[in-house]
file work-v7.cif (mmCIF, C-alpha atoms)
data_target
loop_
_atom_site.label_atom_id
_atom_site.label_comp_id
_atom_site.auth_asym_id
_atom_site.auth_seq_id
_atom_site.Cartn_x
_atom_site.Cartn_y
_atom_site.Cartn_z
CA MET A 980 125.42 45.16 106.67
CA ALA A 981 124.15 42.92 109.45
CA SER A 982 120.63 43.49 110.74
CA LYS A 983 120.08 43.45 114.50
CA ALA A 984 116.85 42.37 116.19
CA ASN A 985 115.27 44.34 119.01
CA PRO A 986 116.28 42.53 122.24
CA ILE A 987 112.86 43.19 123.77
CA GLY A 988 110.80 42.17 120.74
CA MET A 989 112.65 38.87 120.29
CA ARG A 990 111.87 37.95 123.93
CA VAL A 991 108.15 38.77 123.89
CA GLY A 992 106.17 35.61 124.47
CA ILE A 993 109.22 33.79 125.82
CA MET A 994 110.13 35.64 129.00
CA LYS A 995 108.61 39.10 128.54
CA SER A 996 104.92 39.93 128.56
CA ARG A 997 103.28 41.85 125.74
CA PRO A 998 103.03 45.64 126.24
CA CYS A 999 99.56 45.65 124.63
CA GLU A 1000 96.47 43.63 125.49
CA ARG A 1001 93.59 43.87 123.03
CA PHE A 1002 90.13 42.35 123.31
CA ALA A 1003 88.33 42.28 119.95
CA LYS A 1004 85.26 40.35 118.84
CA GLN A 1005 86.34 40.25 115.21
CA LYS A 1006 89.80 39.54 113.79
CA ARG A 1007 89.62 42.44 111.37
CA GLN A 1008 89.72 44.83 114.33
CA TRP A 1009 93.25 43.75 115.26
CA GLY A 1010 94.82 45.84 112.52
CA ASP A 1011 92.97 48.96 113.64
CA PHE A 1012 93.94 48.27 117.25
CA PHE A 1013 97.60 47.93 116.28
CA VAL A 1014 97.65 51.27 114.47
CA GLU A 1015 95.79 52.91 117.34
CA ASP A 1016 98.34 51.58 119.85
CA ILE A 1017 101.17 53.24 117.93
CA LYS A 1018 99.27 56.53 117.84
CA ILE A 1019 98.58 56.35 121.59
CA ARG A 1020 102.26 55.77 122.37
CA ASN A 1021 103.31 58.66 120.14
CA PHE A 1022 100.69 60.85 121.84
CA VAL A 1023 102.05 59.92 125.29
CA ASP A 1024 105.62 60.73 124.21
CA ALA A 1025 104.52 64.09 122.80
CA TYR A 1026 102.39 64.99 125.85
CA PHE A 1027 104.91 63.92 128.51
CA VAL A 1028 108.31 64.87 127.12
CA ARG A 1029 111.16 63.20 129.06
CA THR A 1030 109.31 62.81 132.34
CA GLY A 1031 111.03 59.61 133.45
CA ILE A 1032 108.58 57.22 131.77
CA SER A 1033 109.98 53.69 131.83
CA LYS A 1034 107.20 51.66 130.20
CA VAL A 1035 103.67 52.08 128.83
CA VAL A 1036 101.16 49.21 128.90
CA ILE A 1037 97.91 49.47 126.91
CA ARG A 1038 94.78 47.42 127.65
CA LYS A 1039 91.68 48.18 125.63
CA THR A 1040 88.54 47.07 123.88
CA ALA A 1041 86.62 48.74 121.06
CA LYS A 1042 84.82 51.10 123.46
CA GLU A 1043 87.16 51.70 126.39
CA GLY A 1044 90.71 51.18 127.53
CA GLU A 1045 93.30 51.44 130.26
CA LEU A 1046 96.72 53.04 130.02
CA ILE A 1047 99.33 52.08 132.62
CA ILE A 1048 102.35 54.38 132.75
CA PHE A 1049 105.42 53.38 134.77
CA SER A 1050 107.46 56.46 135.68
CA SER A 1051 110.17 57.56 138.08
CA LYS A 1052 108.60 61.04 138.36
CA VAL A 1053 105.07 60.31 139.50
CA GLY A 1054 104.53 63.80 140.92
CA VAL A 1055 105.42 65.48 137.62
CA LEU A 1056 102.92 63.34 135.72
CA MET A 1057 100.14 63.59 138.29
CA GLY A 1058 100.31 67.32 138.98
CA LYS A 1059 98.55 68.90 141.94
CA GLN A 1060 95.72 66.60 143.06
CA GLY A 1061 95.94 64.68 139.79
CA THR A 1062 94.95 67.61 137.56
CA LYS A 1063 97.42 66.71 134.79
CA ILE A 1064 96.12 63.15 134.56
CA LYS A 1065 92.53 64.37 134.26
CA GLU A 1066 93.55 66.75 131.50
CA PHE A 1067 95.44 63.94 129.78
CA GLU A 1068 92.41 61.61 129.96
CA ASP A 1069 90.24 64.33 128.41
CA ALA A 1070 92.81 64.82 125.64
CA LEU A 1071 92.85 61.06 124.96
CA LYS A 1072 89.06 60.91 124.77
CA LYS A 1073 88.96 63.90 122.43
CA LYS A 1074 91.59 62.45 120.09
CA PHE A 1075 90.64 58.74 120.05
CA GLY A 1076 86.92 58.94 120.84
CA LYS A 1077 86.88 56.46 123.74
CA ASP A 1078 87.23 56.53 127.50
CA ILE A 1079 90.78 55.58 128.45
CA LYS A 1080 91.62 55.37 132.13
CA VAL A 1081 95.19 56.39 133.00
CA VAL A 1082 97.03 54.70 135.89
CA ILE A 1083 100.43 55.92 137.07
CA LYS A 1084 102.82 53.50 138.79
CA GLU A 1085 106.17 54.34 140.32
CA VAL A 1086 109.46 52.85 139.17
CA LYS A 1087 111.38 52.12 142.36
CA ILE A 1088 114.82 51.76 140.73
CA PRO A 1089 114.96 54.12 137.73
CA GLU A 1090 118.65 53.33 137.15
CA LEU A 1091 117.63 49.88 135.86
CA SER A 1092 115.38 51.36 133.18
CA ALA A 1093 117.03 51.76 129.78
CA ARG A 1094 114.56 54.45 128.72
CA VAL A 1095 115.16 56.59 131.81
CA MET A 1096 118.93 56.33 131.42
CA ALA A 1097 118.74 57.10 127.68
CA GLU A 1098 116.67 60.22 128.42
CA PHE A 1099 119.20 61.29 131.04
CA ILE A 1100 122.10 60.88 128.60
CA ALA A 1101 120.25 62.76 125.84
CA THR A 1102 119.40 65.62 128.20
CA GLN A 1103 123.03 65.93 129.29
CA LEU A 1104 124.27 65.86 125.69
CA GLU A 1105 121.83 68.61 124.74
CA ALA A 1106 123.28 70.65 127.62
CA ARG A 1107 126.70 70.26 125.91
CA MET A 1108 128.18 68.04 128.59
CA PRO A 1109 131.14 65.79 127.60
CA PHE A 1110 129.66 62.53 126.37
CA ARG A 1111 132.39 60.34 127.88
CA LYS A 1112 131.87 61.80 131.34
CA VAL A 1113 128.08 61.46 131.07
CA VAL A 1114 128.16 57.84 129.88
CA LYS A 1115 130.72 56.71 132.46
CA ASN A 1116 128.62 58.31 135.19
CA VAL A 1117 125.60 56.34 133.95
CA LEU A 1118 127.61 53.10 133.82
CA GLN A 1119 128.64 53.56 137.43
CA LYS A 1120 125.11 54.36 138.63
CA VAL A 1121 123.56 51.36 136.87
CA MET A 1122 126.15 48.87 138.11
CA GLU A 1123 125.81 50.17 141.69
CA LYS A 1124 122.07 49.36 141.59
CA GLY A 1125 122.72 45.68 140.95
CA ALA A 1126 122.67 45.33 137.17
CA SER A 1127 124.63 42.48 135.59
CA GLY A 1128 125.84 44.71 132.79
CA ILE A 1129 125.17 47.78 130.66
CA LYS A 1130 126.05 48.76 127.12
CA VAL A 1131 125.76 52.31 125.78
CA GLN A 1132 126.27 53.39 122.18
CA VAL A 1133 126.51 57.04 121.12
CA TRP A 1134 127.03 58.18 117.56
CA GLY A 1135 126.94 61.36 115.52
CA ARG A 1136 129.08 64.49 115.43
CA LEU A 1137 130.77 63.83 118.74
CA TRP A 1138 132.94 66.69 119.97
CA TRP A 1139 131.25 68.68 117.19
CA VAL A 1140 133.63 67.49 114.48
CA ASP A 1141 132.68 67.38 110.80
CA ILE A 1142 132.81 63.59 110.50
CA SER A 1143 130.43 61.46 112.57
CA ARG A 1144 131.64 58.42 114.48
CA THR A 1145 130.39 55.81 116.93
CA GLU A 1146 131.51 55.26 120.51
CA LYS A 1147 130.59 52.16 122.55
CA PHE A 1148 130.86 51.71 126.31
CA ILE A 1149 130.37 48.34 128.02
CA GLU A 1150 130.44 47.51 131.71
CA GLY A 1151 129.75 44.02 133.04
CA ARG A 1152 128.04 41.29 131.02
CA VAL A 1153 125.42 42.00 128.34
CA SER A 1154 124.45 38.74 126.59
CA LEU A 1155 122.05 39.83 123.85
CA GLN A 1156 121.67 36.38 122.26
CA THR A 1157 120.79 34.54 125.49
CA PHE A 1158 117.01 34.38 125.71
CA ARG A 1159 116.92 33.90 129.48
CA SER A 1160 118.79 37.20 129.97
CA ASP A 1161 116.48 39.93 131.26
CA ILE A 1162 117.52 42.84 129.01
CA ASP A 1163 115.96 46.28 128.80
CA TYR A 1164 116.64 48.37 125.67
CA TYR A 1165 115.79 51.83 124.38
CA TYR A 1166 116.83 54.11 121.52
CA LEU A 1167 116.66 57.90 121.62
CA GLN A 1168 117.91 60.92 119.72
CA ALA A 1169 119.46 64.02 121.25
CA ARG A 1170 118.91 67.31 119.45
CA THR A 1171 122.10 69.32 119.79
CA LYS A 1172 123.21 72.59 118.25
CA TYR A 1173 125.54 70.74 115.87
CA GLY A 1174 123.16 67.99 114.78
CA MET A 1175 121.41 64.84 115.97
CA LEU A 1176 123.14 62.36 118.24
CA GLY A 1177 121.84 58.81 118.58
CA VAL A 1178 121.79 57.07 121.95
CA LYS A 1179 121.21 53.34 122.53
CA VAL A 1180 121.14 51.73 125.96
CA TRP A 1181 121.10 48.02 126.84
CA ILE A 1182 120.78 47.00 130.51
CA GLU A 1183 120.96 43.38 131.63
CA LYS A 1184 119.26 42.84 134.99
CA GLY A 1185 120.30 39.22 135.32
CA GLN A 1186 119.28 35.82 134.00
CA LEU A 1187 115.92 34.23 134.65
CA TYR A 1188 115.57 30.52 135.35
CA ALA A 1189 119.11 30.51 136.70
CA HIS A 1190 117.90 29.01 139.99
CA LYS A 1191 116.32 26.13 138.05
CA GLN A 1192 119.60 25.34 136.34
CA GLN A 1193 121.47 25.45 139.62
CA HIS A 1194 118.97 23.00 141.09
CA GLU A 1195 119.34 20.64 138.12
CA ASN A 1196 123.14 20.80 138.36
CA ALA A 1197 122.96 20.01 142.08
CA VAL A 1198 120.72 17.00 141.39
CA LYS A 1199 123.15 15.72 138.76
CA LYS A 1200 126.07 15.97 141.19
CA ILE A 1201 124.14 14.06 143.84
CA SER A 1202 123.19 11.32 141.37
CA LEU A 1203 126.80 10.94 140.28
#

call {"tool": "encode", "arguments": {"input": "work-v7.cif", "output": "structure tokens"}}
result
Amino acid sequence: MASKANPIGMRVGIMKSRPCERFAKQKRQWGDFFVEDIKIRNFVDAYFVRTGISKVVIRKTAKEGELIIFSSKVGVLMGKQGTKIKEFEDALKKKFGKDIKVVIKEVKIPELSARVMAEFIATQLEARMPFRKVVKNVLQKVMEKGASGIKVQVWGRLWWVDISRTEKFIEGRVSLQTFRSDIDYYYLQARTKYGMLGVKVWIEKGQLYAHKQQHENAVKKISL
């Protein structure tokens, strides 16, 4: 079987920034920081279940840290007068033993976030909606917001049959092996009455450095 690389991980350091920034005095602290980052992300997912979170950025030192959450539902995360965020900061301090400031930022176009769309699909599947209708609705929404392409993969006991299968839906252009392609990706599981359904979403927002290539091509034509 062929192994597939994460389209976000293979672009980190090339065209995507790192989701974690750590400041350690000693190199041996990097391993502890890495494990702690995973625990913080799992804690955020467990505390805010499907609340439109698009991305989580962690910045921290050994004594303090900052957690930046990008979400399409800022009001749900904040609560009345920011009470939920204060409670969440207290829960982080109690669990990890350091002061972690939480900052909420709004995602202006949630349709271009693979995580938000994957959560929407999973929620609809758990409500026993037809998967083809749900996915095609998502494809239309994403393409209307200006995406270059979208790919959705759903697998499991679709239509509640005894044998699992995989269904793929592609709209537009999704070039996974082109490094200059700005691709967002997320994987999620939907808990249905008849078993688990897997959902994968790839969204290509366009190609970076395209304007540079166009300029170089124009210069070549002029020189010729």

call {"tool": "residues_around", "arguments": {"input": "work-v7.cif", "residues": "stretch 1062-1064 of chain A", "least_positions_apart": "4", "cutoff": "9 Å", "atoms": "only C-alpha atoms", "output": "MDAnalysis selection string"}}
result
chainID A and resid 1055:1058 1068:1069 1081:1083

call {"tool": "residues_around", "arguments": {"input": "work-v7.cif", "residues": "stretch 1104-1117 of chain A", "least_positions_apart": "2", "cutoff": "12 Å", "atoms": "all atoms listed in the file", "output": "PyMOL selection string"}}
result
chain A and resi 1089-1093+1095-1102+1119-1124+1126+1128-1139+1145-1150+1167-1182

call {"tool": "atom_distance", "arguments": {"input": "work-v7.cif", "atom1": "atom CA of A:Ile1048", "atom2": "atom CA of A:Ala1070"}}
result
15.8 Å

call {"tool": "resolve_selection", "arguments": {"input": "work-v7.cif", "expression": "the PyMOL selection byres ((chain A and resi 1015-1027) around 10)", "output": "ChimeraX atom specification"}}
result
/A:998-1001,1009-1014,1028-1032,1035-1039,1046,1048,1055-1056,1067,1070-1071,1074-1075

call {"tool": "atom_distance", "arguments": {"input": "work-v7.cif", "atom1": "atom CA of A:Gln1005", "atom2": "atom CA of A:Glu1043"}}
result
16.0 Å

call {"tool": "atom_distance", "arguments": {"input": "work-v7.cif", "atom1": "atom CA of A:Ser996", "atom2": "atom CA of A:Leu1155"}}
result
17.8 Å

call {"tool": "resolve_selection", "arguments": {"input": "work-v7.cif", "expression": "the PyMOL selection byres ((chain A and resi 985) around 12)", "output": "list of chain:residue names"}}
result
A:Ser982, A:Lys983, A:Ala984, A:Pro986, A:Ile987, A:Gly988, A:Met989, A:Arg990, A:Val991, A:Leu1155, A:Gln1156, A:Ile1162, A:Asp1163, A:Tyr1164, A:Tyr1165, A:Tyr1166, A:Lys1179, A:Val1180, A:Trp1181

call {"tool": "write_last_selection", "arguments": {"input": "work-v7.cif", "atoms": "C-alpha atoms", "output": "PDB file, keeping the file's coordinate frame"}}
result
ATOM      1  CA  SER A 982     120.630  43.490 110.740  1.00  0.00           C
ATOM      2  CA  LYS A 983     120.080  43.450 114.500  1.00  0.00           C
ATOM      3  CA  ALA A 984     116.850  42.370 116.190  1.00  0.00           C
ATOM      4  CA  PRO A 986     116.280  42.530 122.240  1.00  0.00           C
ATOM      5  CA  ILE A 987     112.860  43.190 123.770  1.00  0.00           C
ATOM      6  CA  GLY A 988     110.800  42.170 120.740  1.00  0.00           C
ATOM      7  CA  MET A 989     112.650  38.870 120.290  1.00  0.00           C
ATOM      8  CA  ARG A 990     111.870  37.950 123.930  1.00  0.00           C
ATOM      9  CA  VAL A 991     108.150  38.770 123.890  1.00  0.00           C
ATOM     10  CA  LEU A1155     122.050  39.830 123.850  1.00  0.00           C
ATOM     11  CA  GLN A1156     121.670  36.380 122.260  1.00  0.00           C
ATOM     12  CA  ILE A1162     117.520  42.840 129.010  1.00  0.00           C
ATOM     13  CA  ASP A1163     115.960  46.280 128.800  1.00  0.00           C
ATOM     14  CA  TYR A1164     116.640  48.370 125.670  1.00  0.00           C
ATOM     15  CA  TYR A1165     115.790  51.830 124.380  1.00  0.00           C
ATOM     16  CA  TYR A1166     116.830  54.110 121.520  1.00  0.00           C
ATOM     17  CA  LYS A1179     121.210  53.340 122.530  1.00  0.00           C
ATOM     18  CA  VAL A1180     121.140  51.730 125.960  1.00  0.00           C
ATOM     19  CA  TRP A1181     121.100  48.020 126.840  1.00  0.00           C
TER      20      TRP A1181
END

call {"tool": "closest_residue", "arguments": {"input": "work-v7.cif", "among": "A:Val1153, A:Ala1003, A:Ile1142, A:Leu1187", "to": "A:Ser1127", "atoms": "only C-alpha atoms"}}
result
A:Val1153

call {"tool": "closest_residue", "arguments": {"input": "work-v7.cif", "among": "A:Lys1004, A:Lys1034, A:Arg1144, A:Lys1184", "to": "A:Arg1159", "atoms": "all atoms listed in the file"}}
result
A:Lys1184

call {"tool": "axis_aligned_box", "arguments": {"input": "work-v7.cif", "around": "stretch 1139-1149 of chain A", "padding_each_side": "4 Å", "output": "JSON"}}
result
{"center_x": 132.0, "center_y": 58.5, "center_z": 119.3, "size_x": 11.3, "size_y": 28.3, "size_z": 25.5}

call {"tool": "resolve_selection", "arguments": {"input": "work-v7.cif", "expression": "the PyMOL selection byres ((chain A and resi 1078) around 8)", "output": "VMD selection string"}}
result
chain A and resid 1042 to 1044 1068 1071 to 1072 1076 to 1077 1079 to 1080

call {"tool": "write_last_selection", "arguments": {"input": "work-v7.cif", "atoms": "C-alpha atoms", "output": "PDB file, keeping the file's coordinate frame"}}
result
ATOM      1  CA  LYS A1042      84.820  51.100 123.460  1.00  0.00           C
ATOM      2  CA  GLU A1043      87.160  51.700 126.390  1.00  0.00           C
ATOM      3  CA  GLY A1044      90.710  51.180 127.530  1.00  0.00           C
ATOM      4  CA  GLU A1068      92.410  61.610 129.960  1.00  0.00           C
ATOM      5  CA  LEU A1071      92.850  61.060 124.960  1.00  0.00           C
ATOM      6  CA  LYS A1072      89.060  60.910 124.770  1.00  0.00           C
ATOM      7  CA  GLY A1076      86.920  58.940 120.840  1.00  0.00           C
ATOM      8  CA  LYS A1077      86.880  56.460 123.740  1.00  0.00           C
ATOM      9  CA  ILE A1079      90.780  55.580 128.450  1.00  0.00           C
ATOM     10  CA  LYS A1080      91.620  55.370 132.130  1.00  0.00           C
TER      11      LYS A1080
END
